Amino acid sequence: MSTPFPTWLAGMRITAGGLGARDWKAVVQGSDQTLTNTTTMTNTNLAFTGVAGAVYYYNLLIAYGATVSADMQWDWVIPGDATIVRFTQALQTGDNVAGSATTAKTVVMRRPAGTTGVAAGGNEGDNLAPTQFQSAYDSGILTFGASGNAQIRFAPNTATSGSAATFRATSYLLYARVA
């Protein structure tokens with residue numbers, strides 16, 4: 001594994017690129033995206049281009065709303081030679097109990113396989129546009145073989161009449177090159 005970060009020694013030229021390579025970058029969703037009556041995964045605005053041979057630490061902070069019968073799911077699309085080690089946390093799905101944003105629910109913490117979709121439970125009654133804000137988290141290490149794009153997608157977890165999931169504008173993808 002190569003590193004873009006040299007060991008700085010006396011007499012070396014320090015460049016802005018060398019110093020800035022470790023800086024955290026942030027991508028903001030920017031606008032709500034709502035899907036109804038479908039489970040087809042759809043690209044969000046959360047994506048970045050990785051450098052060949054680079055390793056990134058990321059923290060995905062998802063704000064969403066979903067009806068109780070739809071729930072919500074997300075996944076990653078990464079290049080075929082890339083690997084990802086993920087740790088996720090989301091509300092349990094399938095309880096079909098509507099409530100407020102403060103209604104207690106079971107949280108599921110997982111270590112899913114690379115591009116496996118992860119479901120997050122909804123909290124709103126069916127046939128309603130999601131108005132509440134729930135949260136889910138995904139963090140880990142993403143290693144690129146060749147350069148390429150890493151993209152977050154989402155969809156309702158179940159497609160039923162009146163079901164909907166909204167990926168909120170306040171969702172963030174934070175990432176930093178670590179090797």
# chains A, B, ... in the order shown; residues from 1 in each chain; ligands from 1
call {"tool": "residues_around", "arguments": {"residues": "Thr166 in chain A", "least_positions_apart": "3", "cutoff": "6 Å", "atoms": "only C-alpha atoms", "output": "list in words"}}
result
Gln33, Thr34, Tyr64 and Gly65 of chain A
call {"tool": "residues_around", "arguments": {"residues": "range 41-56 of chain A", "least_positions_apart": "3", "cutoff": "7 Å", "atoms": "only C-alpha atoms", "output": "list in words"}}
result
Met1, Ser2, Val27, Val28, Gln29, Ile141, Leu142, Thr143, Phe144, Gly145, Ala146, Ser147, Gly148, Asn149, Ala150, Gln151, Ile152, Arg153, Phe154, Ala155, Leu173, Tyr175, Ala176, Arg177, Val178 and Ala179 of chain A
call {"tool": "write_last_selection", "arguments": {"atoms": "C-alpha atoms", "output": "PDB file, in the first residue's frame"}}
result
ATOM      1  CA  MET A   1       0.000   0.000   0.000  1.00  0.00           C
ATOM      2  CA  SER A   2       1.471   3.340  -0.991  1.00  0.00           C
ATOM      3  CA  VAL A  27     -20.477  16.335   0.572  1.00  0.00           C
ATOM      4  CA  VAL A  28     -23.975  17.565   1.471  1.00  0.00           C
ATOM      5  CA  GLN A  29     -27.149  16.072  -0.009  1.00  0.00           C
ATOM      6  CA  ILE A 141     -12.742   2.231   5.399  1.00  0.00           C
ATOM      7  CA  LEU A 142     -12.958   2.379   1.602  1.00  0.00           C
ATOM      8  CA  THR A 143      -9.924   1.213  -0.408  1.00  0.00           C
ATOM      9  CA  PHE A 144      -9.657   1.913  -4.130  1.00  0.00           C
ATOM     10  CA  GLY A 145      -7.706  -0.291  -6.562  1.00  0.00           C
ATOM     11  CA  ALA A 146      -8.069   1.963  -9.600  1.00  0.00           C
ATOM     12  CA  SER A 147      -9.505   5.446  -9.336  1.00  0.00           C
ATOM     13  CA  GLY A 148     -13.267   5.657  -9.483  1.00  0.00           C
ATOM     14  CA  ASN A 149     -16.481   6.948  -7.938  1.00  0.00           C
ATOM     15  CA  ALA A 150     -18.099   5.926  -4.662  1.00  0.00           C
ATOM     16  CA  GLN A 151     -21.835   6.662  -4.695  1.00  0.00           C
ATOM     17  CA  ILE A 152     -24.598   6.398  -2.068  1.00  0.00           C
ATOM     18  CA  ARG A 153     -28.032   5.226  -3.243  1.00  0.00           C
ATOM     19  CA  PHE A 154     -31.364   4.842  -1.437  1.00  0.00           C
ATOM     20  CA  ALA A 155     -34.925   3.564  -1.901  1.00  0.00           C
ATOM     21  CA  LEU A 173     -20.799  12.205   3.597  1.00  0.00           C
ATOM     22  CA  TYR A 175     -14.325  11.473   4.119  1.00  0.00           C
ATOM     23  CA  ALA A 176     -10.566  11.789   4.462  1.00  0.00           C
ATOM     24  CA  ARG A 177      -7.691  10.044   2.740  1.00  0.00           C
ATOM     25  CA  VAL A 178      -5.736   8.114   5.343  1.00  0.00           C
ATOM     26  CA  ALA A 179      -3.279   6.167   3.151  1.00  0.00           C
TER      27      ALA A 179
END
call {"tool": "select_by_dssp", "arguments": {"residues": "range 4-124 of chain A", "states": "helix (DSSP H, G or I)", "output": "list in words"}}
result
Ala16, Gly17, Gly18, Leu19 and Gly20 of chain A
call {"tool": "closest_residue", "arguments": {"among": "A:Ile84, A:Ala10, A:Met109, A:Ala66", "to": "Gly121 in chain A", "atoms": "only C-alpha atoms"}}
result
A:Ala66
call {"tool": "select_by_dssp", "arguments": {"residues": "chain A", "states": "strand (DSSP E or B)", "output": "number ranges by chain"}}
result
A: 25-28, 33-36, 42-50, 55-67, 72-77, 83-91, 107-110, 118-120, 124, 134-143, 148-155, 164-167, 172-177
call {"tool": "atom_distance", "arguments": {"atom1": "CA of Val68 in chain A", "atom2": "CA of Asn123 in chain A"}}
result
5.2 Å
call {"tool": "residues_around", "arguments": {"residues": "Ala159 in chain A", "least_positions_apart": "4", "cutoff": "8 Å", "atoms": "only C-alpha atoms", "output": "list in words"}}
result
Thr36, Asn37, Thr38, Thr39, Ala70 and Ser163 of chain A
call {"tool": "write_last_selection", "arguments": {"atoms": "C-alpha atoms", "output": "PDB file, in the first residue's frame"}}
result
ATOM      1  CA  THR A  36     -42.800   6.322  -3.528  1.00  0.00           C
ATOM      2  CA  ASN A  37     -43.990   2.769  -4.283  1.00  0.00           C
ATOM      3  CA  THR A  38     -40.625   1.489  -5.572  1.00  0.00           C
ATOM      4  CA  THR A  39     -37.583  -0.377  -4.300  1.00  0.00           C
ATOM      5  CA  ALA A  70     -41.848   1.268   3.390  1.00  0.00           C
ATOM      6  CA  SER A 163     -45.288   3.876   1.012  1.00  0.00           C
TER       7      SER A 163
END
call {"tool": "closest_residue", "arguments": {"among": "A:Asn157, A:Arg86, A:Ile62, A:Gly18", "to": "Ser135 in chain A", "atoms": "only C-alpha atoms"}}
result
A:Ile62
call {"tool": "atom_distance", "arguments": {"atom1": "CA of Ala113 in chain A", "atom2": "CA of Val85 in chain A"}}
result
7.3 Å
call {"tool": "closest_residue", "arguments": {"among": "A:Ala136, A:Ala21, A:Leu60, A:Met12", "to": "Met72 in chain A", "atoms": "only C-alpha atoms"}}
result
A:Ala136
call {"tool": "residues_around", "arguments": {"residues": "Arg111 in chain A", "least_positions_apart": "3", "cutoff": "12 Å", "atoms": "only C-alpha atoms", "output": "list of chain:residue names"}}
result
A:Ile84, A:Val85, A:Arg86, A:Phe87, A:Thr88, A:Gln89, A:Ala90, A:Val108, A:Gly114, A:Thr115, A:Thr116, A:Gly117, A:Val118, A:Tyr137, A:Asp138, A:Ser139, A:Gly140
call {"tool": "residues_around", "arguments": {"residues": "Gln92 in chain A", "least_positions_apart": "5", "cutoff": "9 Å", "atoms": "only C-alpha atoms", "output": "VMD selection string"}}
result
chain A and resid 105 to 108 119 to 122
call {"tool": "write_last_selection", "arguments": {"atoms": "C-alpha atoms", "output": "CSV table (one decimal), in the first residue's frame"}}
result
chain,number,residue,atom,x,y,z
A,105,LYS,CA,-37.5,2.0,18.7
A,106,THR,CA,-34.9,-0.8,18.5
A,107,VAL,CA,-31.6,0.1,16.9
A,108,VAL,CA,-29.7,-2.4,14.9
A,119,ALA,CA,-32.5,-1.1,5.9
A,120,ALA,CA,-33.6,1.6,8.3
A,121,GLY,CA,-37.0,1.6,10.0
A,122,GLY,CA,-39.7,4.1,9.2
call {"tool": "decode", "arguments": {"residues": "range 116-156 of chain A", "atoms": "N, CA and C atoms", "output": "PDB file, in the first residue's frame"}}
result
ATOM      1  N   THR A 116     -23.743  -4.359   0.345  1.00  0.00           N
ATOM      2  CA  THR A 116     -25.044  -4.847   0.801  1.00  0.00           C
ATOM      3  C   THR A 116     -25.931  -3.676   1.217  1.00  0.00           C
ATOM      4  N   GLY A 117     -27.184  -3.709   0.797  1.00  0.00           N
ATOM      5  CA  GLY A 117     -28.127  -2.693   1.230  1.00  0.00           C
ATOM      6  C   GLY A 117     -28.419  -2.824   2.714  1.00  0.00           C
ATOM      7  N   VAL A 118     -28.595  -1.704   3.378  1.00  0.00           N
ATOM      8  CA  VAL A 118     -28.905  -1.684   4.805  1.00  0.00           C
ATOM      9  C   VAL A 118     -30.268  -1.012   4.973  1.00  0.00           C
ATOM     10  N   ALA A 119     -31.158  -1.676   5.696  1.00  0.00           N
ATOM     11  CA  ALA A 119     -32.501  -1.138   5.904  1.00  0.00           C
ATOM     12  C   ALA A 119     -32.558  -0.315   7.185  1.00  0.00           C
ATOM     13  N   ALA A 120     -33.374   0.730   7.151  1.00  0.00           N
ATOM     14  CA  ALA A 120     -33.602   1.598   8.307  1.00  0.00           C
ATOM     15  C   ALA A 120     -35.107   1.773   8.470  1.00  0.00           C
ATOM     16  N   GLY A 121     -35.595   1.596   9.692  1.00  0.00           N
ATOM     17  CA  GLY A 121     -37.023   1.608   9.958  1.00  0.00           C
ATOM     18  C   GLY A 121     -37.685   2.961   9.787  1.00  0.00           C
ATOM     19  N   GLY A 122     -38.919   2.926   9.299  1.00  0.00           N
ATOM     20  CA  GLY A 122     -39.733   4.133   9.182  1.00  0.00           C
ATOM     21  C   GLY A 122     -40.521   4.365  10.456  1.00  0.00           C
ATOM     22  N   ASN A 123     -41.096   5.562  10.567  1.00  0.00           N
ATOM     23  CA  ASN A 123     -41.783   5.917  11.798  1.00  0.00           C
ATOM     24  C   ASN A 123     -43.107   6.641  11.544  1.00  0.00           C
ATOM     25  N   GLU A 124     -43.520   6.742  10.278  1.00  0.00           N
ATOM     26  CA  GLU A 124     -44.716   7.521   9.965  1.00  0.00           C
ATOM     27  C   GLU A 124     -45.798   6.643   9.363  1.00  0.00           C
ATOM     28  N   GLY A 125     -47.046   7.058   9.542  1.00  0.00           N
ATOM     29  CA  GLY A 125     -48.169   6.310   8.995  1.00  0.00           C
ATOM     30  C   GLY A 125     -48.125   6.286   7.476  1.00  0.00           C
ATOM     31  N   ASP A 126     -48.670   5.214   6.903  1.00  0.00           N
ATOM     32  CA  ASP A 126     -48.712   5.106   5.450  1.00  0.00           C
ATOM     33  C   ASP A 126     -49.652   6.151   4.862  1.00  0.00           C
ATOM     34  N   ASN A 127     -49.502   6.388   3.580  1.00  0.00           N
ATOM     35  CA  ASN A 127     -50.267   7.386   2.826  1.00  0.00           C
ATOM     36  C   ASN A 127     -50.002   8.803   3.323  1.00  0.00           C
ATOM     37  N   LEU A 128     -48.862   9.003   3.950  1.00  0.00           N
ATOM     38  CA  LEU A 128     -48.433  10.337   4.371  1.00  0.00           C
ATOM     39  C   LEU A 128     -47.078  10.632   3.738  1.00  0.00           C
ATOM     40  N   ALA A 129     -46.866  11.873   3.391  1.00  0.00           N
ATOM     41  CA  ALA A 129     -45.521  12.258   2.959  1.00  0.00           C
ATOM     42  C   ALA A 129     -44.642  12.301   4.208  1.00  0.00           C
ATOM     43  N   PRO A 130     -43.473  11.655   4.193  1.00  0.00           N
ATOM     44  CA  PRO A 130     -42.629  11.669   5.389  1.00  0.00           C
ATOM     45  C   PRO A 130     -42.239  13.095   5.793  1.00  0.00           C
ATOM     46  N   THR A 131     -42.540  13.448   7.029  1.00  0.00           N
ATOM     47  CA  THR A 131     -42.208  14.783   7.525  1.00  0.00           C
ATOM     48  C   THR A 131     -41.223  14.737   8.686  1.00  0.00           C
ATOM     49  N   GLN A 132     -41.066  13.558   9.294  1.00  0.00           N
ATOM     50  CA  GLN A 132     -40.172  13.450  10.439  1.00  0.00           C
ATOM     51  C   GLN A 132     -38.733  13.213   9.990  1.00  0.00           C
ATOM     52  N   PHE A 133     -37.825  13.411  10.924  1.00  0.00           N
ATOM     53  CA  PHE A 133     -36.408  13.208  10.654  1.00  0.00           C
ATOM     54  C   PHE A 133     -35.897  12.070  11.522  1.00  0.00           C
ATOM     55  N   GLN A 134     -35.490  10.984  10.907  1.00  0.00           N
ATOM     56  CA  GLN A 134     -34.831   9.871  11.585  1.00  0.00           C
ATOM     57  C   GLN A 134     -33.360   9.929  11.153  1.00  0.00           C
ATOM     58  N   SER A 135     -32.524   9.119  11.796  1.00  0.00           N
ATOM     59  CA  SER A 135     -31.109   9.125  11.393  1.00  0.00           C
ATOM     60  C   SER A 135     -30.569   7.711  11.326  1.00  0.00           C
ATOM     61  N   ALA A 136     -29.582   7.536  10.474  1.00  0.00           N
ATOM     62  CA  ALA A 136     -28.854   6.274  10.332  1.00  0.00           C
ATOM     63  C   ALA A 136     -27.393   6.636  10.075  1.00  0.00           C
ATOM     64  N   TYR A 137     -26.511   5.695  10.387  1.00  0.00           N
ATOM     65  CA  TYR A 137     -25.079   5.962  10.290  1.00  0.00           C
ATOM     66  C   TYR A 137     -24.365   4.820   9.587  1.00  0.00           C
ATOM     67  N   ASP A 138     -23.326   5.157   8.867  1.00  0.00           N
ATOM     68  CA  ASP A 138     -22.505   4.182   8.163  1.00  0.00           C
ATOM     69  C   ASP A 138     -21.094   4.758   8.169  1.00  0.00           C
ATOM     70  N   SER A 139     -20.158   4.061   8.768  1.00  0.00           N
ATOM     71  CA  SER A 139     -18.776   4.540   8.753  1.00  0.00           C
ATOM     72  C   SER A 139     -17.851   3.371   8.493  1.00  0.00           C
ATOM     73  N   GLY A 140     -16.664   3.675   7.966  1.00  0.00           N
ATOM     74  CA  GLY A 140     -15.734   2.593   7.680  1.00  0.00           C
ATOM     75  C   GLY A 140     -14.561   3.033   6.838  1.00  0.00           C
ATOM     76  N   ILE A 141     -13.945   2.047   6.212  1.00  0.00           N
ATOM     77  CA  ILE A 141     -12.742   2.231   5.399  1.00  0.00           C
ATOM     78  C   ILE A 141     -13.051   1.798   3.977  1.00  0.00           C
ATOM     79  N   LEU A 142     -12.746   2.647   3.019  1.00  0.00           N
ATOM     80  CA  LEU A 142     -12.958   2.379   1.602  1.00  0.00           C
ATOM     81  C   LEU A 142     -11.605   2.429   0.902  1.00  0.00           C
ATOM     82  N   THR A 143     -11.220   1.325   0.268  1.00  0.00           N
ATOM     83  CA  THR A 143      -9.924   1.213  -0.408  1.00  0.00           C
ATOM     84  C   THR A 143     -10.153   1.075  -1.908  1.00  0.00           C
ATOM     85  N   PHE A 144      -9.530   1.945  -2.674  1.00  0.00           N
ATOM     86  CA  PHE A 144      -9.657   1.913  -4.130  1.00  0.00           C
ATOM     87  C   PHE A 144      -8.483   1.155  -4.742  1.00  0.00           C
ATOM     88  N   GLY A 145      -8.757   0.309  -5.753  1.00  0.00           N
ATOM     89  CA  GLY A 145      -7.706  -0.291  -6.562  1.00  0.00           C
ATOM     90  C   GLY A 145      -7.330   0.738  -7.618  1.00  0.00           C
ATOM     91  N   ALA A 146      -8.202   0.896  -8.602  1.00  0.00           N
ATOM     92  CA  ALA A 146      -8.069   1.963  -9.600  1.00  0.00           C
ATOM     93  C   ALA A 146      -8.888   3.152  -9.119  1.00  0.00           C
ATOM     94  N   SER A 147      -8.680   4.293  -9.711  1.00  0.00           N
ATOM     95  CA  SER A 147      -9.505   5.446  -9.336  1.00  0.00           C
ATOM     96  C   SER A 147     -10.938   5.207  -9.797  1.00  0.00           C
ATOM     97  N   GLY A 148     -11.867   5.830  -9.123  1.00  0.00           N
ATOM     98  CA  GLY A 148     -13.267   5.657  -9.483  1.00  0.00           C
ATOM     99  C   GLY A 148     -14.172   6.374  -8.508  1.00  0.00           C
ATOM    100  N   ASN A 149     -15.484   6.261  -8.759  1.00  0.00           N
ATOM    101  CA  ASN A 149     -16.481   6.948  -7.938  1.00  0.00           C
ATOM    102  C   ASN A 149     -17.077   6.018  -6.894  1.00  0.00           C
ATOM    103  N   ALA A 150     -17.333   6.587  -5.718  1.00  0.00           N
ATOM    104  CA  ALA A 150     -18.099   5.926  -4.662  1.00  0.00           C
ATOM    105  C   ALA A 150     -19.395   6.705  -4.535  1.00  0.00           C
ATOM    106  N   GLN A 151     -20.520   6.022  -4.613  1.00  0.00           N
ATOM    107  CA  GLN A 151     -21.835   6.662  -4.695  1.00  0.00           C
ATOM    108  C   GLN A 151     -22.792   6.043  -3.691  1.00  0.00           C
ATOM    109  N   ILE A 152     -23.553   6.872  -2.974  1.00  0.00           N
ATOM    110  CA  ILE A 152     -24.598   6.398  -2.068  1.00  0.00           C
ATOM    111  C   ILE A 152     -25.930   6.407  -2.818  1.00  0.00           C
ATOM    112  N   ARG A 153     -26.700   5.311  -2.659  1.00  0.00           N
ATOM    113  CA  ARG A 153     -28.032   5.226  -3.243  1.00  0.00           C
ATOM    114  C   ARG A 153     -29.043   4.915  -2.137  1.00  0.00           C
ATOM    115  N   PHE A 154     -30.315   5.165  -2.406  1.00  0.00           N
ATOM    116  CA  PHE A 154     -31.364   4.842  -1.437  1.00  0.00           C
ATOM    117  C   PHE A 154     -32.648   4.475  -2.162  1.00  0.00           C
ATOM    118  N   ALA A 155     -33.579   3.890  -1.405  1.00  0.00           N
ATOM    119  CA  ALA A 155     -34.925   3.564  -1.901  1.00  0.00           C
ATOM    120  C   ALA A 155     -35.767   3.153  -0.699  1.00  0.00           C
ATOM    121  N   PRO A 156     -37.101   3.144  -0.859  1.00  0.00           N
ATOM    122  CA  PRO A 156     -37.906   2.481   0.160  1.00  0.00           C
ATOM    123  C   PRO A 156     -37.470   1.012   0.234  1.00  0.00           C
TER     124      PRO A 156
END
